[in-house]
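Student: So that you have it, the file is structure23.csv, and it contains CSV, C-alpha atoms:
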```
chain,number,residue,atom,x,y,z
A,153,MET,CA,11.5,13.0,-10.3
A,154,ARG,CA,14.1,10.4,-11.6
A,155,PRO,CA,14.1,7.8,-8.9
A,156,PHE,CA,17.7,6.6,-9.2
A,157,GLU,CA,18.8,10.1,-8.1
A,158,HIS,CA,17.0,9.6,-4.8
A,159,LEU,CA,17.7,5.9,-4.2
A,160,PRO,CA,20.9,3.9,-3.7
A,161,HIS,CA,19.7,1.2,-6.1
A,162,ARG,CA,21.2,0.9,-9.6
A,163,HIS,CA,20.3,-0.9,-12.8
A,164,PRO,CA,18.9,-3.5,-13.1
A,165,PHE,CA,17.4,-3.1,-9.6
A,166,VAL,CA,15.8,0.3,-9.9
A,167,MET,CA,12.1,-0.7,-9.8
A,168,LEU,CA,10.7,2.7,-10.5
A,169,ASP,CA,10.8,4.7,-13.8
A,170,ARG,CA,9.4,7.8,-12.3
A,171,ALA,CA,8.4,9.1,-8.9
A,172,GLU,CA,6.6,12.0,-7.3
A,173,VAL,CA,6.7,13.3,-3.8
A,174,VAL,CA,3.1,14.0,-2.7
A,175,ALA,CA,4.0,15.1,0.9
A,176,GLU,CA,7.6,15.6,1.8
A,177,GLY,CA,8.7,12.9,4.3
A,178,ARG,CA,5.5,10.9,4.3
A,179,HIS,CA,3.8,10.3,1.0
A,180,ALA,CA,5.1,9.4,-2.5
A,181,LYS,CA,3.9,7.8,-5.8
A,182,GLY,CA,5.8,6.0,-8.5
A,183,ILE,CA,5.3,4.2,-11.7
A,184,LYS,CA,7.1,1.3,-13.4
A,185,LEU,CA,6.5,0.4,-17.1
A,186,ILE,CA,6.6,-3.3,-17.5
A,187,THR,CA,8.4,-4.3,-20.7
A,188,ALA,CA,9.5,-7.6,-22.1
A,189,ASN,CA,13.1,-6.4,-22.2
A,190,ASP,CA,13.2,-5.9,-18.5
A,191,PRO,CA,15.5,-8.5,-16.9
A,192,SER,CA,13.2,-8.7,-13.9
A,193,VAL,CA,10.3,-9.9,-16.1
A,194,SER,CA,9.9,-13.7,-16.4
A,195,PRO,CA,10.0,-15.3,-19.9
A,196,ASP,CA,6.2,-15.7,-19.8
A,197,GLY,CA,5.8,-12.0,-19.4
A,198,ILE,CA,5.0,-11.8,-15.7
A,199,PHE,CA,6.4,-9.2,-13.4
A,200,PRO,CA,7.1,-11.3,-10.2
A,201,SER,CA,5.4,-10.5,-7.0
A,202,ALA,CA,8.7,-10.1,-5.1
A,203,TYR,CA,9.6,-7.3,-7.4
A,204,ILE,CA,6.2,-5.6,-6.8
A,205,VAL,CA,7.1,-5.6,-3.1
A,206,GLU,CA,10.6,-4.2,-3.9
A,207,ALA,CA,8.9,-1.4,-6.0
A,208,MET,CA,6.7,-0.6,-3.0
A,209,ALA,CA,9.7,-0.5,-0.7
A,210,GLN,CA,11.6,1.9,-3.1
A,211,THR,CA,8.5,4.1,-3.3
A,212,SER,CA,8.6,4.1,0.5
A,213,GLY,CA,12.2,5.1,0.5
A,214,ILE,CA,11.3,8.2,-1.6
A,215,ALA,CA,8.3,8.9,0.6
A,216,SER,CA,10.6,9.0,3.6
A,217,GLY,CA,12.4,12.0,2.1
A,218,LYS,CA,15.7,10.6,3.5
A,219,LYS,CA,18.8,10.7,1.3
A,220,THR,CA,20.6,7.9,3.2
A,221,GLY,CA,20.0,4.3,2.2
A,222,SER,CA,17.7,2.1,4.1
A,223,MET,CA,17.1,-1.6,4.6
A,224,LEU,CA,13.9,-3.4,4.0
A,225,ALA,CA,13.3,-4.7,7.5
A,226,GLY,CA,9.9,-6.2,7.3
A,227,LEU,CA,6.6,-6.7,5.6
A,228,LYS,CA,3.2,-6.7,7.2
A,229,ASN,CA,0.0,-8.2,5.8
A,230,ILE,CA,1.1,-8.1,2.2
A,231,GLU,CA,-1.7,-9.3,-0.1
A,232,PHE,CA,-1.5,-10.0,-3.8
A,233,ARG,CA,-4.7,-9.5,-5.8
A,234,GLY,CA,-3.6,-9.6,-9.4
A,235,THR,CA,-0.9,-10.5,-11.9
A,236,VAL,CA,1.3,-7.8,-13.5
A,237,LEU,CA,2.1,-8.4,-17.2
A,238,THR,CA,4.2,-6.9,-19.9
A,239,GLY,CA,2.5,-3.8,-21.3
A,240,ASP,CA,1.1,-2.8,-17.9
A,241,VAL,CA,1.9,0.4,-16.1
A,242,LEU,CA,2.4,-0.5,-12.5
A,243,GLU,CA,1.4,2.4,-10.2
A,244,LEU,CA,2.8,2.5,-6.6
A,245,GLU,CA,1.8,4.6,-3.7
A,246,SER,CA,3.3,4.7,-0.2
A,247,VAL,CA,2.2,6.6,2.9
A,248,LEU,CA,4.1,6.8,6.2
A,249,GLU,CA,2.0,5.5,9.0
A,250,ARG,CA,4.5,5.7,11.9
A,251,ASN,CA,8.2,5.8,12.7
A,252,PHE,CA,9.7,4.5,15.9
A,253,SER,CA,13.3,4.0,16.8
A,254,GLY,CA,14.8,4.1,13.3
A,255,LEU,CA,12.0,1.9,11.9
A,256,TYR,CA,9.5,3.4,9.5
A,257,PHE,CA,6.1,1.7,8.7
A,258,PHE,CA,4.5,2.6,5.4
A,259,ASN,CA,1.1,1.6,4.0
A,260,CYS,CA,1.6,0.7,0.4
A,261,ARG,CA,-0.6,0.0,-2.6
A,262,ALA,CA,0.4,-1.2,-6.1
A,263,SER,CA,-2.2,-1.0,-8.9
A,264,VAL,CA,-2.6,-1.4,-12.6
A,265,SER,CA,-5.3,0.6,-14.4
A,266,GLY,CA,-6.8,1.5,-11.0
A,267,LYS,CA,-7.1,-2.1,-9.9
A,268,THR,CA,-5.1,-3.1,-6.8
A,269,VAL,CA,-2.6,-5.9,-7.5
A,270,ALA,CA,-0.8,-5.8,-4.1
A,271,GLU,CA,-1.1,-3.9,-0.8
A,272,GLY,CA,0.2,-4.0,2.7
A,273,GLY,CA,2.8,-2.6,5.1
A,274,VAL,CA,6.5,-2.1,4.4
A,275,ILE,CA,8.9,-1.5,7.2
A,276,LEU,CA,12.2,0.2,6.4
A,277,TYR,CA,15.2,0.7,8.7
A,278,PHE,CA,17.2,3.9,8.6
A,279,ASP,CA,20.4,4.2,10.6
A,280,GLU,CA,19.6,7.5,12.3
A,281,THR,CA,22.9,7.5,14.3
A,282,ALA,CA,25.0,7.8,11.1
B,1076,MET,CA,-11.5,0.3,32.6
B,1077,GLU,CA,-10.0,-1.8,35.3
B,1078,LYS,CA,-6.3,-2.6,34.9
B,1079,GLU,CA,-6.9,-6.4,35.1
B,1080,THR,CA,-9.4,-6.3,32.3
B,1081,LEU,CA,-7.1,-4.1,30.2
B,1082,ILE,CA,-4.2,-6.5,30.7
B,1083,GLU,CA,-6.3,-9.4,29.3
B,1084,GLU,CA,-7.2,-7.2,26.3
B,1085,LEU,CA,-3.6,-6.2,25.7
B,1086,LYS,CA,-2.5,-9.9,25.8
B,1087,ALA,CA,-5.0,-10.7,23.0
B,1088,LEU,CA,-3.9,-7.6,21.1
B,1089,ILE,CA,-0.2,-8.5,21.3
B,1090,VAL,CA,-0.8,-12.1,20.2
B,1091,LYS,CA,-3.1,-11.0,17.3
B,1092,SER,CA,-1.2,-7.9,16.0
B,1093,LEU,CA,2.2,-9.5,16.2
B,1094,LYS,CA,0.9,-12.9,14.9
B,1095,LEU,CA,2.7,-14.8,17.8
B,1096,GLU,CA,1.9,-18.3,16.6
B,1097,ASP,CA,3.4,-20.2,19.5
B,1098,VAL,CA,2.1,-18.0,22.3
B,1099,LEU,CA,-1.4,-18.0,23.9
B,1100,PRO,CA,-2.6,-14.9,25.6
B,1101,SER,CA,-2.7,-16.8,28.9
B,1102,ASP,CA,1.0,-17.6,28.5
B,1103,ILE,CA,2.0,-14.0,28.9
B,1104,ASP,CA,3.2,-13.0,32.4
B,1105,PRO,CA,2.0,-9.5,33.1
B,1106,ASP,CA,5.2,-8.7,35.1
B,1107,ALA,CA,7.8,-10.2,32.7
B,1108,PRO,CA,9.7,-7.9,30.2
B,1109,LEU,CA,8.0,-7.8,26.8
B,1110,PHE,CA,11.3,-7.4,25.0
B,1111,GLY,CA,14.5,-9.4,25.2
B,1112,SER,CA,14.5,-12.0,28.0
B,1113,GLY,CA,10.7,-12.0,28.6
B,1114,LEU,CA,8.3,-12.5,25.8
B,1115,GLY,CA,11.3,-12.0,23.4
B,1116,LEU,CA,9.8,-9.3,21.2
B,1117,ASP,CA,12.2,-7.3,18.9
B,1118,SER,CA,12.4,-3.8,17.5
B,1119,ILE,CA,10.1,-4.5,14.6
B,1120,ASP,CA,7.5,-5.9,17.0
B,1121,ALA,CA,7.9,-2.6,19.0
B,1122,LEU,CA,7.0,-0.6,15.9
B,1123,GLU,CA,4.0,-2.8,15.0
B,1124,LEU,CA,2.8,-2.7,18.7
B,1125,VAL,CA,3.1,1.1,18.7
B,1126,VAL,CA,0.9,1.2,15.5
B,1127,ALA,CA,-1.6,-1.2,17.0
B,1128,LEU,CA,-1.8,0.5,20.4
B,1129,GLU,CA,-2.2,4.0,18.8
B,1130,LYS,CA,-5.0,2.8,16.5
B,1131,THR,CA,-6.8,0.9,19.3
B,1132,TYR,CA,-6.5,3.2,22.3
B,1133,GLY,CA,-5.7,6.6,20.7
B,1134,ILE,CA,-2.6,6.9,22.8
B,1135,ARG,CA,0.7,8.2,21.7
B,1136,ILE,CA,4.1,6.7,22.4
B,1137,PRO,CA,6.3,9.5,21.1
B,1138,ASP,CA,9.8,8.1,21.3
B,1139,GLU,CA,12.1,5.3,22.4
B,1140,ASP,CA,12.5,6.6,25.9
B,1141,VAL,CA,8.8,6.6,26.6
B,1142,GLY,CA,8.6,3.2,24.8
B,1143,LYS,CA,11.1,1.7,27.2
B,1144,GLU,CA,9.0,2.7,30.1
B,1145,ALA,CA,5.7,1.7,28.5
B,1146,PHE,CA,7.0,-1.7,27.3
B,1147,ALA,CA,8.8,-2.6,30.5
B,1148,SER,CA,6.1,-5.2,31.1
B,1149,LEU,CA,2.4,-5.8,30.2
B,1150,SER,CA,1.5,-4.4,33.6
B,1151,ALA,CA,3.5,-1.2,32.9
B,1152,LEU,CA,1.9,-1.0,29.4
B,1153,ALA,CA,-1.6,-1.2,30.9
B,1154,GLY,CA,-0.7,1.6,33.3
B,1155,TYR,CA,0.5,3.7,30.5
B,1156,VAL,CA,-2.6,3.1,28.4
B,1157,ILE,CA,-4.9,4.0,31.4
B,1158,LYS,CA,-2.9,7.2,32.0
B,1159,ASN,CA,-2.9,8.3,28.4
B,1160,LYS,CA,-6.0,7.0,26.8
B,1161,LYS,CA,-8.2,9.6,25.1
```
Turn this file's structure into structure tokens for me.
Tutor:
Amino acid sequence: MRPFEHLPHRHPFVMLDRAEVVAEGRHAKGIKLITANDPSVSPDGIFPSAYIVEAMAQTSGIASGKKTGSMLAGLKNIEFRGTVLTGDVLELESVLERNFSGLYFFNCRASVSGKTVAEGGVILYFDETA
Amino acid sequence: MEKETLIEELKALIVKSLKLEDVLPSDIDPDAPLFGSGLGLDSIDALELVVALEKTYGIRIPDEDVGKEAFASLSALAGYVIKNKK
């Protein structure tokens, strides 16, 4: 799946190169290739933690299965366990835990070569009255 | 479980799961509203509380209407948990 066809985000803020729906409406995976040309990568070759979280949120947007845009409403117990560098393939996974009153809570994990670099909860808001 | 014991448990659960830094469990009035004018929780807190309650007590808060009843106060929440606990 080409992520930008399923997300409102556009270059340079599409934080996924490819995505896959594992279970419609609740589980998705994505990858991002970290390259030195990427404007989100710092001059010393580090992919900033804030963008890892954004990639987790975008993966969650795809997991939701919703075509409408959403807002990143909150983060819960996000932990960073490693540094993401140029040349890495960042793998994202998001699973819906619960939705309530337009807010969706996803458990997310970001990893490189099987090693967790970040994990935690992402809360997205969808305007379900629209 | 007695309601009074459960209310004390729920106070600790709310403070811990919502990371209420300026609130002690003993500060929470069992009869005051949890949202808005009472404890001042918001909609994101509601979602986090739903997740914590469902994990801890195996109850289900299916929608906003049921949530409004269950979250009317700590005392109402304890009643809901006792009635629906698995």
Student: Considering only C-alpha atoms, extract the chain B residues located within 9 Å of chain A and return them as a count of residues only.
Tutor: 11
Student: Set the distance at 12 Å and use only C-alpha atoms: which residues neighbour Lys219 (chain A) once local chain neighbours fewer than 5 positions away are removed? I'd like the list as a list of chain:residue names.
Tutor: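 Answer for this query is A:Pro155, A:Phe156, A:Glu157, A:His158, A:Leu159, A:Pro160, A:Gly177, A:Gly213, A:Ile214, A:Phe278, A:Asp279, A:Glu280, A:Ala282.
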Student: Out of B:Lys1094, B:Lys1078, B:Lys1086, B:Lys1158, which residue has the shortest atom-to-atom distance to Gly1133 (chain B) when counting only C-alpha atoms?
Tutor: B:Lys1158
Student: Near Lys184 (chain A), counting only C-alpha atoms, which residues have an atom at most 9 Å away, once you skip same-chain residues fewer than 6 positions from it, shown as an MDAnalysis selection string?
Tutor: chainID A and resid 167:170 207 240:244
Student: Given all atoms listed in the file as the basis, pick out the residue of B:Gly1111, B:Leu1124, B:Pro1105, B:Ser1092 nearest to Ala1153 (chain B).
Tutor: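 Among the listed residues, B:Pro1105 lies closest to Ala1153 (chain B).
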Student: Excluding Asp1104 (chain B) and its own-chain neighbours fewer than 6 positions away, which residues fall within 9 Å of it when counting all atoms listed in the file? Please give them as a PDB file with C-alpha atoms, in the coordinates of the input.
Tutor:
```
ATOM      1  CA  GLY B1113      10.700 -12.000  28.600  1.00  0.00           C
ATOM      2  CA  LEU B1114       8.300 -12.500  25.800  1.00  0.00           C
ATOM      3  CA  SER B1148       6.100  -5.200  31.100  1.00  0.00           C
ATOM      4  CA  LEU B1149       2.400  -5.800  30.200  1.00  0.00           C
ATOM      5  CA  SER B1150       1.500  -4.400  33.600  1.00  0.00           C
TER       6      SER B1150
END
```
Student: Considering all atoms listed in the file, return as an NGL selection string whatever protein or nucleic-acid residues lie within 10 Å of Ser263 (chain A), sequence-local ones (same chain, fewer than 3 positions apart) excluded.
Tutor: :A and (183 or 204 or 233-234 or 236 or 240-245 or 266-271)
Student: Give the answer as one residue: which of B:Gly1115, B:Ala1151, B:Ile1082, B:Arg1135 has the shortest atom-to-atom distance to Val1098 (chain B), using all atoms listed in the file?
Tutor: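 Distance minimum relative to Val1098 (chain B) lands on B:Gly1115.
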Student: One decimal, Å: what's the distance from CA of Pro195 (chain A) over to CA of Leu224 (chain A), could you say?
Tutor: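 Rounded to one decimal, the two atoms are 27.0 Å apart.
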Student: Using all atoms listed in the file, pick whichever of A:Val166, A:Val193, A:Ala209, A:Ala215 has the shortest atom-to-atom distance to Val247 (chain A).
Tutor: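 Answer, going by the shortest atom-to-atom distance: A:Ala215.
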Student: Is it possible to get the axis-aligned box enclosing region 269-277 of chain A (all listed atoms, 4 Å extra per side) as AutoDock Vina command-line options, with centre and edge lengths in Å rounded to one decimal?
Tutor:
```
--center_x 6.3 --center_y -2.6 --center_z 0.6 --size_x 25.8 --size_y 14.6 --size_z 24.2
```
Student: Report, in Å with one decimal, the straight-line distance from CA of Glu231 (chain A) to CA of Leu1085 (chain B).
Tutor: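 Computing the Euclidean distance for CA of Glu231 (chain A) and CA of Leu1085 (chain B) yields 26.1 Å.
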Student: At what distance in Å, to one decimal, does CA of Ser1101 (chain B) lie from CA of Ala1087 (chain B)?
Tutor: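 Between CA of Ala1087 (chain B) and CA of Ser1101 (chain B) the gap works out to 8.8 Å.
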Student: Could you tell me which of B:Glu1077, B:Val1090, B:Lys1130, B:Asn1159 comes closest to Leu1109 (chain B) if we count all atoms listed in the file?
Tutor: B:Val1090
Student: Do a neighbour search on Pro191 (chain A) at 12 Å with all atoms listed in the file, toss out local chain neighbours closer than 2 positions, and write the hits as a VMD selection string.
Tutor: chain A and resid 163 to 167 186 to 189 193 to 195 197 to 200 203 238
